[in-house]
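Chemist: So that you have it, the file is target_14.cif, and it contains mmCIF, C-alpha atoms:
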```cif
data_upload
#
loop_
_atom_site.label_atom_id
_atom_site.label_comp_id
_atom_site.auth_asym_id
_atom_site.auth_seq_id
_atom_site.Cartn_x
_atom_site.Cartn_y
_atom_site.Cartn_z
CA MET F 280 142.75 123.94 275.16
CA PRO F 281 140.81 125.47 278.03
CA ASN F 282 143.74 127.45 279.46
CA ASP F 283 144.64 129.07 276.16
CA ALA F 284 142.74 132.24 276.95
CA ILE F 285 144.75 132.85 280.11
CA TRP F 286 148.14 132.30 278.47
CA VAL F 287 147.16 134.24 275.35
CA SER F 288 145.91 137.25 277.31
CA ARG F 289 149.00 137.23 279.54
CA ALA F 290 151.29 137.06 276.52
CA ALA F 291 149.34 139.70 274.58
CA LEU F 292 148.58 142.19 277.33
CA LEU F 293 151.58 141.83 279.62
CA GLY F 294 154.18 140.63 277.14
CA ASP F 295 154.69 137.58 279.37
CA ARG F 296 157.26 135.31 277.70
CA ASN F 297 156.64 132.44 280.10
CA ALA F 298 152.95 132.45 279.21
CA PHE F 299 153.85 132.35 275.53
CA SER F 300 156.27 129.48 276.17
CA ARG F 301 153.38 127.51 277.64
CA LEU F 302 151.51 128.03 274.38
CA VAL F 303 154.56 126.89 272.41
CA GLU F 304 154.78 123.73 274.52
CA ALA F 305 151.09 123.04 273.94
CA TYR F 306 151.13 123.60 270.19
CA GLN F 307 154.61 122.63 269.06
CA SER F 308 153.62 119.09 268.17
CA PRO F 309 150.64 119.83 265.87
CA VAL F 310 152.41 122.77 264.24
CA ARG F 311 155.58 120.74 263.58
CA ARG F 312 153.51 117.84 262.29
CA PHE F 313 151.68 120.20 259.94
CA PHE F 314 154.98 121.52 258.54
CA PHE F 315 156.51 118.05 258.48
CA HIS F 316 153.81 116.78 256.11
CA LEU F 317 153.70 119.99 254.07
CA THR F 318 157.45 119.83 253.46
CA GLY F 319 157.32 116.21 252.38
CA GLY F 320 158.81 114.85 255.60
CA ASP F 321 161.76 117.23 256.04
CA GLU F 322 162.18 117.26 259.82
CA GLU F 323 164.87 119.96 260.05
CA LEU F 324 163.04 122.29 257.72
CA SER F 325 159.76 121.73 259.52
CA LYS F 326 161.47 122.55 262.82
CA ASP F 327 162.87 125.81 261.40
CA LEU F 328 159.54 126.80 259.87
CA ALA F 329 157.74 126.02 263.13
CA GLN F 330 160.19 128.24 265.02
CA ASP F 331 159.57 131.05 262.51
CA ALA F 332 155.83 130.61 262.91
CA PHE F 333 156.03 130.86 266.70
CA VAL F 334 158.29 133.91 266.55
CA LYS F 335 155.82 135.58 264.16
CA ALA F 336 152.96 134.63 266.45
CA TRP F 337 154.81 136.22 269.38
CA LEU F 338 155.42 139.44 267.45
CA SER F 339 151.82 139.78 266.35
CA ILE F 340 149.98 138.29 269.31
CA SER F 341 148.61 141.75 270.19
CA SER F 342 146.60 141.57 266.98
CA PHE F 343 144.99 138.27 267.99
CA ARG F 344 141.25 138.69 268.38
CA ALA F 345 139.50 136.40 270.81
CA ALA F 346 136.75 135.85 268.23
CA ALA F 347 139.11 133.40 266.54
CA LYS F 348 140.36 130.30 268.28
CA PHE F 349 144.06 130.54 269.07
CA SER F 350 144.84 127.31 267.21
CA THR F 351 143.10 128.60 264.06
CA TRP F 352 145.05 131.83 264.27
CA LEU F 353 148.30 129.94 264.79
CA TYR F 354 147.66 127.62 261.85
CA ARG F 355 146.97 130.68 259.71
CA ILE F 356 150.40 132.05 260.61
CA ALA F 357 151.97 128.64 259.95
CA TYR F 358 150.24 128.46 256.57
CA ASN F 359 151.59 131.91 255.64
CA VAL F 360 155.09 131.01 256.83
CA PHE F 361 155.05 127.92 254.62
CA TYR F 362 153.88 129.85 251.57
CA ASP F 363 156.44 132.62 252.17
CA HIS F 364 159.10 129.93 252.35
CA GLU F 365 157.88 128.31 249.14
CA ARG F 366 157.92 131.66 247.35
CA SER F 367 161.39 132.51 248.63
CA LYS F 368 162.83 129.20 247.46
CA LYS F 369 162.43 130.34 243.87
CA GLN F 370 163.38 126.95 242.65
CA SER F 371 162.66 126.04 239.10
CA VAL F 372 160.78 122.89 240.00
CA SER F 373 157.87 123.52 242.34
CA LEU F 374 156.57 120.94 244.77
CA ASP F 375 153.62 120.37 242.47
CA ALA F 376 155.91 119.58 239.60
CA VAL F 377 157.85 117.16 241.79
CA GLY F 378 154.55 115.52 242.71
CA GLU F 379 153.63 115.14 239.08
CA GLN F 380 157.02 113.65 238.32
CA ILE F 381 156.87 110.94 240.95
CA PRO F 382 156.69 107.69 239.08
CA VAL F 383 154.13 105.27 240.37
CA GLY F 384 156.73 102.53 240.30
CA SER F 385 158.81 104.35 242.88
CA LEU F 386 156.70 102.77 245.62
CA ASN F 387 157.99 99.74 247.44
CA SER F 388 157.11 96.47 245.85
CA ASP F 389 155.13 95.37 248.91
CA PHE F 390 152.86 98.39 248.34
CA SER F 391 153.62 99.89 251.74
CA MET F 392 152.58 103.46 251.30
CA ASP F 393 155.02 106.27 251.67
CA PHE F 394 152.80 108.96 253.06
CA ALA F 395 155.07 111.84 252.09
CA VAL F 396 155.42 110.61 248.52
CA ALA F 397 151.67 110.15 248.19
CA LEU F 398 150.98 113.67 249.44
CA LYS F 399 153.34 115.12 246.84
CA VAL F 400 150.82 114.15 244.20
CA LEU F 401 148.64 116.94 245.55
CA LYS F 402 148.91 120.66 244.95
CA ASP F 403 149.95 122.74 247.96
CA ASP F 404 146.41 123.95 248.67
CA GLU F 405 144.95 120.47 248.34
CA ARG F 406 147.62 119.03 250.62
CA THR F 407 147.03 121.77 253.22
CA ALA F 408 143.26 121.24 253.17
CA MET F 409 143.61 117.46 253.40
CA LEU F 410 146.08 117.63 256.29
CA LEU F 411 144.04 120.13 258.28
CA PHE F 412 140.79 118.28 257.70
CA TYR F 413 141.80 114.65 258.08
CA MET F 414 144.89 114.80 260.23
CA GLU F 415 144.22 117.80 262.47
CA ASP F 416 140.44 117.27 262.58
CA LEU F 417 139.61 120.88 261.80
CA PRO F 418 136.19 121.72 260.36
CA VAL F 419 135.84 123.25 256.89
CA ASP F 420 134.90 126.72 258.18
CA LYS F 421 138.08 126.90 260.27
CA ILE F 422 140.19 125.70 257.34
CA SER F 423 138.64 128.38 255.15
CA LYS F 424 139.74 131.00 257.71
CA ILE F 425 143.24 129.54 257.84
CA MET F 426 143.57 129.40 254.06
CA ASN F 427 141.70 132.67 253.60
CA CYS F 428 139.32 131.27 251.01
CA PRO F 429 135.61 130.42 250.89
CA ALA F 430 134.41 127.15 252.45
CA GLY F 431 133.36 125.98 248.99
CA THR F 432 136.93 126.27 247.76
CA VAL F 433 138.16 124.19 250.70
CA LYS F 434 135.56 121.53 249.87
CA SER F 435 136.70 121.43 246.27
CA HIS F 436 140.35 121.15 247.42
CA LEU F 437 139.31 118.19 249.56
CA PHE F 438 137.34 116.63 246.72
CA ARG F 439 140.18 117.01 244.21
CA GLY F 440 142.73 115.85 246.77
CA LYS F 441 140.81 112.65 247.42
CA GLU F 442 140.31 112.11 243.74
CA LYS F 443 144.02 112.49 242.94
CA LEU F 444 145.07 110.25 245.80
CA SER F 445 142.53 107.61 244.78
CA VAL F 446 143.94 107.57 241.25
CA TYR F 447 147.44 107.43 242.68
CA PHE F 448 146.55 104.49 244.93
CA LYS F 449 144.86 102.71 242.07
CA ASN F 450 147.84 103.15 239.75
CA SER F 451 150.25 102.08 242.46
CA GLY F 452 148.21 99.00 243.20
CA TYR F 453 147.60 100.07 246.77
CA ASP F 454 143.83 100.38 246.42
CA LYS F 455 142.12 97.58 248.23
CA MET Z 57 139.56 104.38 249.44
CA THR Z 58 135.99 105.47 249.11
CA SER Z 59 134.47 106.35 252.48
CA GLU Z 60 135.29 109.29 254.73
CA GLN Z 61 136.03 106.78 257.47
CA GLU Z 62 138.77 105.21 255.40
CA TRP Z 63 140.36 108.54 254.59
CA LYS Z 64 140.31 109.54 258.22
CA LYS Z 65 141.80 106.21 259.23
CA TRP Z 66 144.58 106.51 256.66
CA PHE Z 67 145.56 110.01 257.80
CA GLU Z 68 145.30 109.10 261.46
CA SER Z 69 147.60 106.14 260.93
CA GLN Z 70 150.27 108.66 259.90
CA ARG Z 71 149.59 111.02 262.77
CA ALA Z 72 152.57 111.13 265.07
CA ASP Z 73 153.26 113.37 268.04
CA PHE Z 74 156.51 115.28 268.04
CA PRO Z 75 158.34 115.24 271.37
CA ASP Z 76 159.43 118.69 272.49
CA GLU Z 77 163.15 117.85 273.01
CA GLY Z 78 164.18 121.43 273.71
CA PHE Z 79 162.13 122.94 270.90
CA SER Z 80 160.13 125.24 273.20
CA ARG Z 81 163.32 126.35 274.94
CA ASN Z 82 164.91 127.21 271.58
CA VAL Z 83 161.85 129.20 270.56
CA ALA Z 84 161.85 131.04 273.89
CA ARG Z 85 165.51 131.95 273.31
CA ARG Z 86 164.73 133.24 269.83
CA LEU Z 87 161.81 135.44 270.86
CA PRO Z 88 162.72 139.04 270.11
CA GLN Z 89 161.78 142.04 272.20
CA ARG Z 90 158.32 143.22 271.24
CA LYS Z 91 158.02 146.84 270.20
CA SER Z 92 154.45 147.08 271.37
CA MET Z 93 153.79 149.46 274.28
CA LEU Z 94 150.62 147.57 275.16
CA PRO Z 95 152.02 145.78 278.26
CA GLN Z 96 153.26 149.06 279.73
CA ALA Z 97 149.97 150.75 278.86
CA VAL Z 98 148.01 147.98 280.58
CA MET Z 99 150.16 148.21 283.71
CA LEU Z 100 149.83 152.00 283.80
CA LEU Z 101 146.09 151.68 283.37
CA CYS Z 102 145.92 149.20 286.24
CA VAL Z 103 147.92 151.53 288.50
CA PHE Z 104 145.62 154.45 287.70
CA ALA Z 105 142.57 152.25 288.14
CA GLY Z 106 143.93 151.15 291.53
CA PHE Z 107 144.40 154.76 292.63
CA ALA Z 108 141.00 155.76 291.33
CA LEU Z 109 139.35 152.85 293.14
CA THR Z 110 141.14 153.67 296.38
CA PHE Z 111 140.07 157.31 296.14
CA ALA Z 112 136.53 156.31 295.29
CA ILE Z 113 136.24 153.93 298.24
CA GLN Z 114 138.25 155.71 300.93
CA GLY Z 115 138.39 159.30 299.79
CA VAL Z 116 141.56 161.40 299.80
CA MET Z 117 141.80 162.23 303.51
CA PRO Z 118 142.78 158.79 304.89
CA ILE Z 119 145.55 158.55 302.29
CA ILE Z 120 146.90 162.00 303.20
CA GLU Z 121 146.74 161.05 306.88
CA HIS Z 122 148.68 157.86 306.23
CA LEU Z 123 151.30 159.71 304.20
CA TYR Z 124 151.61 162.31 306.98
CA ALA Z 125 152.03 159.55 309.56
CA LEU Z 126 154.67 157.87 307.39
CA VAL Z 127 156.65 161.10 306.91
CA SER Z 128 156.55 161.92 310.63
CA ALA Z 129 157.61 158.37 311.52
CA VAL Z 130 160.58 158.61 309.15
CA SER Z 131 161.54 162.05 310.47
CA GLN Z 132 161.60 160.70 314.04
CA LEU Z 133 163.94 157.84 313.14
CA GLN Z 134 167.25 157.73 314.96
CA ILE Z 135 170.31 157.72 312.72
CA PRO Z 136 171.46 154.13 313.00
CA SER Z 137 175.02 152.96 313.36
CA ALA Z 138 177.31 152.64 310.32
CA ALA Z 139 177.15 148.83 310.54
CA SER Z 140 173.37 148.73 310.30
CA VAL Z 141 173.40 151.26 307.44
CA ALA Z 142 175.89 149.03 305.61
CA THR Z 143 173.73 145.96 306.30
CA TYR Z 144 170.67 147.84 305.08
CA LEU Z 145 172.40 149.03 301.90
CA GLY Z 146 173.75 145.52 301.30
CA GLY Z 147 170.25 144.09 301.63
CA VAL Z 148 168.87 146.68 299.23
CA ALA Z 149 171.67 145.92 296.73
CA ILE Z 150 171.00 142.15 296.92
CA LEU Z 151 167.28 142.69 296.41
CA GLY Z 152 167.96 145.04 293.49
CA LEU Z 153 170.40 142.62 291.84
CA THR Z 154 167.97 139.71 292.29
CA GLY Z 155 165.20 141.77 290.70
CA PHE Z 156 167.50 142.76 287.83
CA ALA Z 157 168.57 139.14 287.27
CA VAL Z 158 164.95 137.95 287.21
CA ALA Z 159 163.98 140.72 284.78
CA THR Z 160 166.87 139.99 282.39
CA THR Z 161 166.40 136.21 282.38
CA GLU Z 162 162.74 136.65 281.43
#
```
Can the structure in the file be given as structure tokens, please?
Modeler:
Amino acid sequence: MPNDAIWVSRAALLGDRNAFSRLVEAYQSPVRRFFFHLTGGDEELSKDLAQDAFVKAWLSISSFRAAAKFSTWLYRIAYNVFYDHERSKKQSVSLDAVGEQIPVGSLNSDFSMDFAVALKVLKDDERTAMLLFYMEDLPVDKISKIMNCPAGTVKSHLFRGKEKLSVYFKNSGYDK
Amino acid sequence: MTSEQEWKKWFESQRADFPDEGFSRNVARRLPQRKSMLPQAVMLLCVFAGFALTFAIQGVMPIIEHLYALVSAVSQLQIPSAASVATYLGGVAILGLTGFAVATTE
């Protein structure tokens, strides 16, 4: 967004809450969508996580460096919020395990794909990379900054993610 | 699904926009006070820069002259009636309260 720089600098330098609210309005939809798909379609949880992410962004906006795009920086915070949440859950069955347990036959008989169920087949990192790349249209170098890993690792997450989903589609009879 | 195009299409078909529905307002309400002194530092810096610029452009004398003129104008003021003092104080109080209300709502 072209006006980001103005709102970001006002929020960072002057502590302007209204300027930050403009940023929240501009980015609430992609950030909530990101959480929504990461959490397997839990709308309430994704709303709470998105609020946490924005509050964290507000508290640390002074550390934002203009070298990074604001959206990349915000996604990085969102990514960390999600992983902190996953760690704090301390549940015996991780999301990955749930994904592995999903029986192929749980899909509707007319093969209409349940997006959330399909994404659960992937590991957290693979799901994050796939969502940022295909849904949010972010390039690999930006995703590597968000996920704090080399671009090669992001590419292999994407490759493995596609591979797993392809197998899943094939087994579920969705593959055309 | 084999091509990149197909993957993109599949993800985009699931891409929905989330309406705000008070979300931004809730976030704004939850924003805590920042502990950073940066905003105050920036404002202080701007004030000093303003003074420095004024001194650099005009020099010190015109400012002293203006201050002198202001002090002498104030000293020559007639003591106004009690009613106008009350009106003046009332106006100042309203302005102060308005400023306070604006500052606290932000």
Chemist: Quick one: residues within 9 Å of F:Arg406, only C-alpha atoms, excluding same-chain residues fewer than 4 positions away - as a list in words?
Modeler: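 After dropping sequence-adjacent residues, the list is His316, Leu317, Leu398, Lys399, Val400, Leu401, Lys402, Leu410, Leu411, His436, Leu437 and Gly440 of chain F.
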Chemist: Expanded to explicit residues, what is the PyMOL selection byres ((chain F) within 6 of (chain Z)) for this file, as a list in words?
Modeler: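 When the PyMOL selection byres ((chain F) within 6 of (chain Z)) is applied to the shown file, the picked residues are Leu292, Leu293, Gly294, Val303, Glu304, Ser308, Gln330, Val334, Tyr413 and Met414 of chain F.
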Chemist: In Å to one decimal, how far is atom CA of F:Ile285 from atom CA of F:Ala336?
Modeler: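 We find that atom CA of F:Ala336 and atom CA of F:Ile285 lie 16.0 Å from each other.
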Chemist: Between atom CA of F:Val287 and atom CA of F:Met409, measure the distance and give it in Å to one decimal.
Modeler: 27.9 Å
Chemist: Which one is closest to F:Arg344: F:Ser288, F:Ser325, F:Ser367, F:Gln307? Count only C-alpha atoms.
Modeler: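 With only C-alpha atoms as the atom set, the closest residue is F:Ser288.
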Chemist: F:Lys441, F:Thr407, F:Phe343, F:Pro429: which is nearest Z:Glu62, counting all atoms listed in the file?
Modeler: F:Lys441
Chemist: Enumerate, as a PyMOL selection string, the residues matched when the PyMOL selection byres ((chain F and resi 424) around 10) is run on the file above.
Modeler: chain F and resi 347+351-352+354-355+419-423+425-430+433
Chemist: Would you put the residues from that selection into a file with C-alpha atoms, as a PDB file, in the coordinates of the input?
Modeler:
```
ATOM      1  CA  ALA F 347     139.110 133.400 266.540  1.00  0.00           C
ATOM      2  CA  THR F 351     143.100 128.600 264.060  1.00  0.00           C
ATOM      3  CA  TRP F 352     145.050 131.830 264.270  1.00  0.00           C
ATOM      4  CA  TYR F 354     147.660 127.620 261.850  1.00  0.00           C
ATOM      5  CA  ARG F 355     146.970 130.680 259.710  1.00  0.00           C
ATOM      6  CA  VAL F 419     135.840 123.250 256.890  1.00  0.00           C
ATOM      7  CA  ASP F 420     134.900 126.720 258.180  1.00  0.00           C
ATOM      8  CA  LYS F 421     138.080 126.900 260.270  1.00  0.00           C
ATOM      9  CA  ILE F 422     140.190 125.700 257.340  1.00  0.00           C
ATOM     10  CA  SER F 423     138.640 128.380 255.150  1.00  0.00           C
ATOM     11  CA  ILE F 425     143.240 129.540 257.840  1.00  0.00           C
ATOM     12  CA  MET F 426     143.570 129.400 254.060  1.00  0.00           C
ATOM     13  CA  ASN F 427     141.700 132.670 253.600  1.00  0.00           C
ATOM     14  CA  CYS F 428     139.320 131.270 251.010  1.00  0.00           C
ATOM     15  CA  PRO F 429     135.610 130.420 250.890  1.00  0.00           C
ATOM     16  CA  ALA F 430     134.410 127.150 252.450  1.00  0.00           C
ATOM     17  CA  VAL F 433     138.160 124.190 250.700  1.00  0.00           C
TER      18      VAL F 433
END
```
Chemist: Suppose you want the space between atom CA of F:Arg311 and atom CA of F:Lys326; what is it in Å?
Modeler: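 Taking atom CA of F:Arg311 and atom CA of F:Lys326, their separation equals 6.2 Å.
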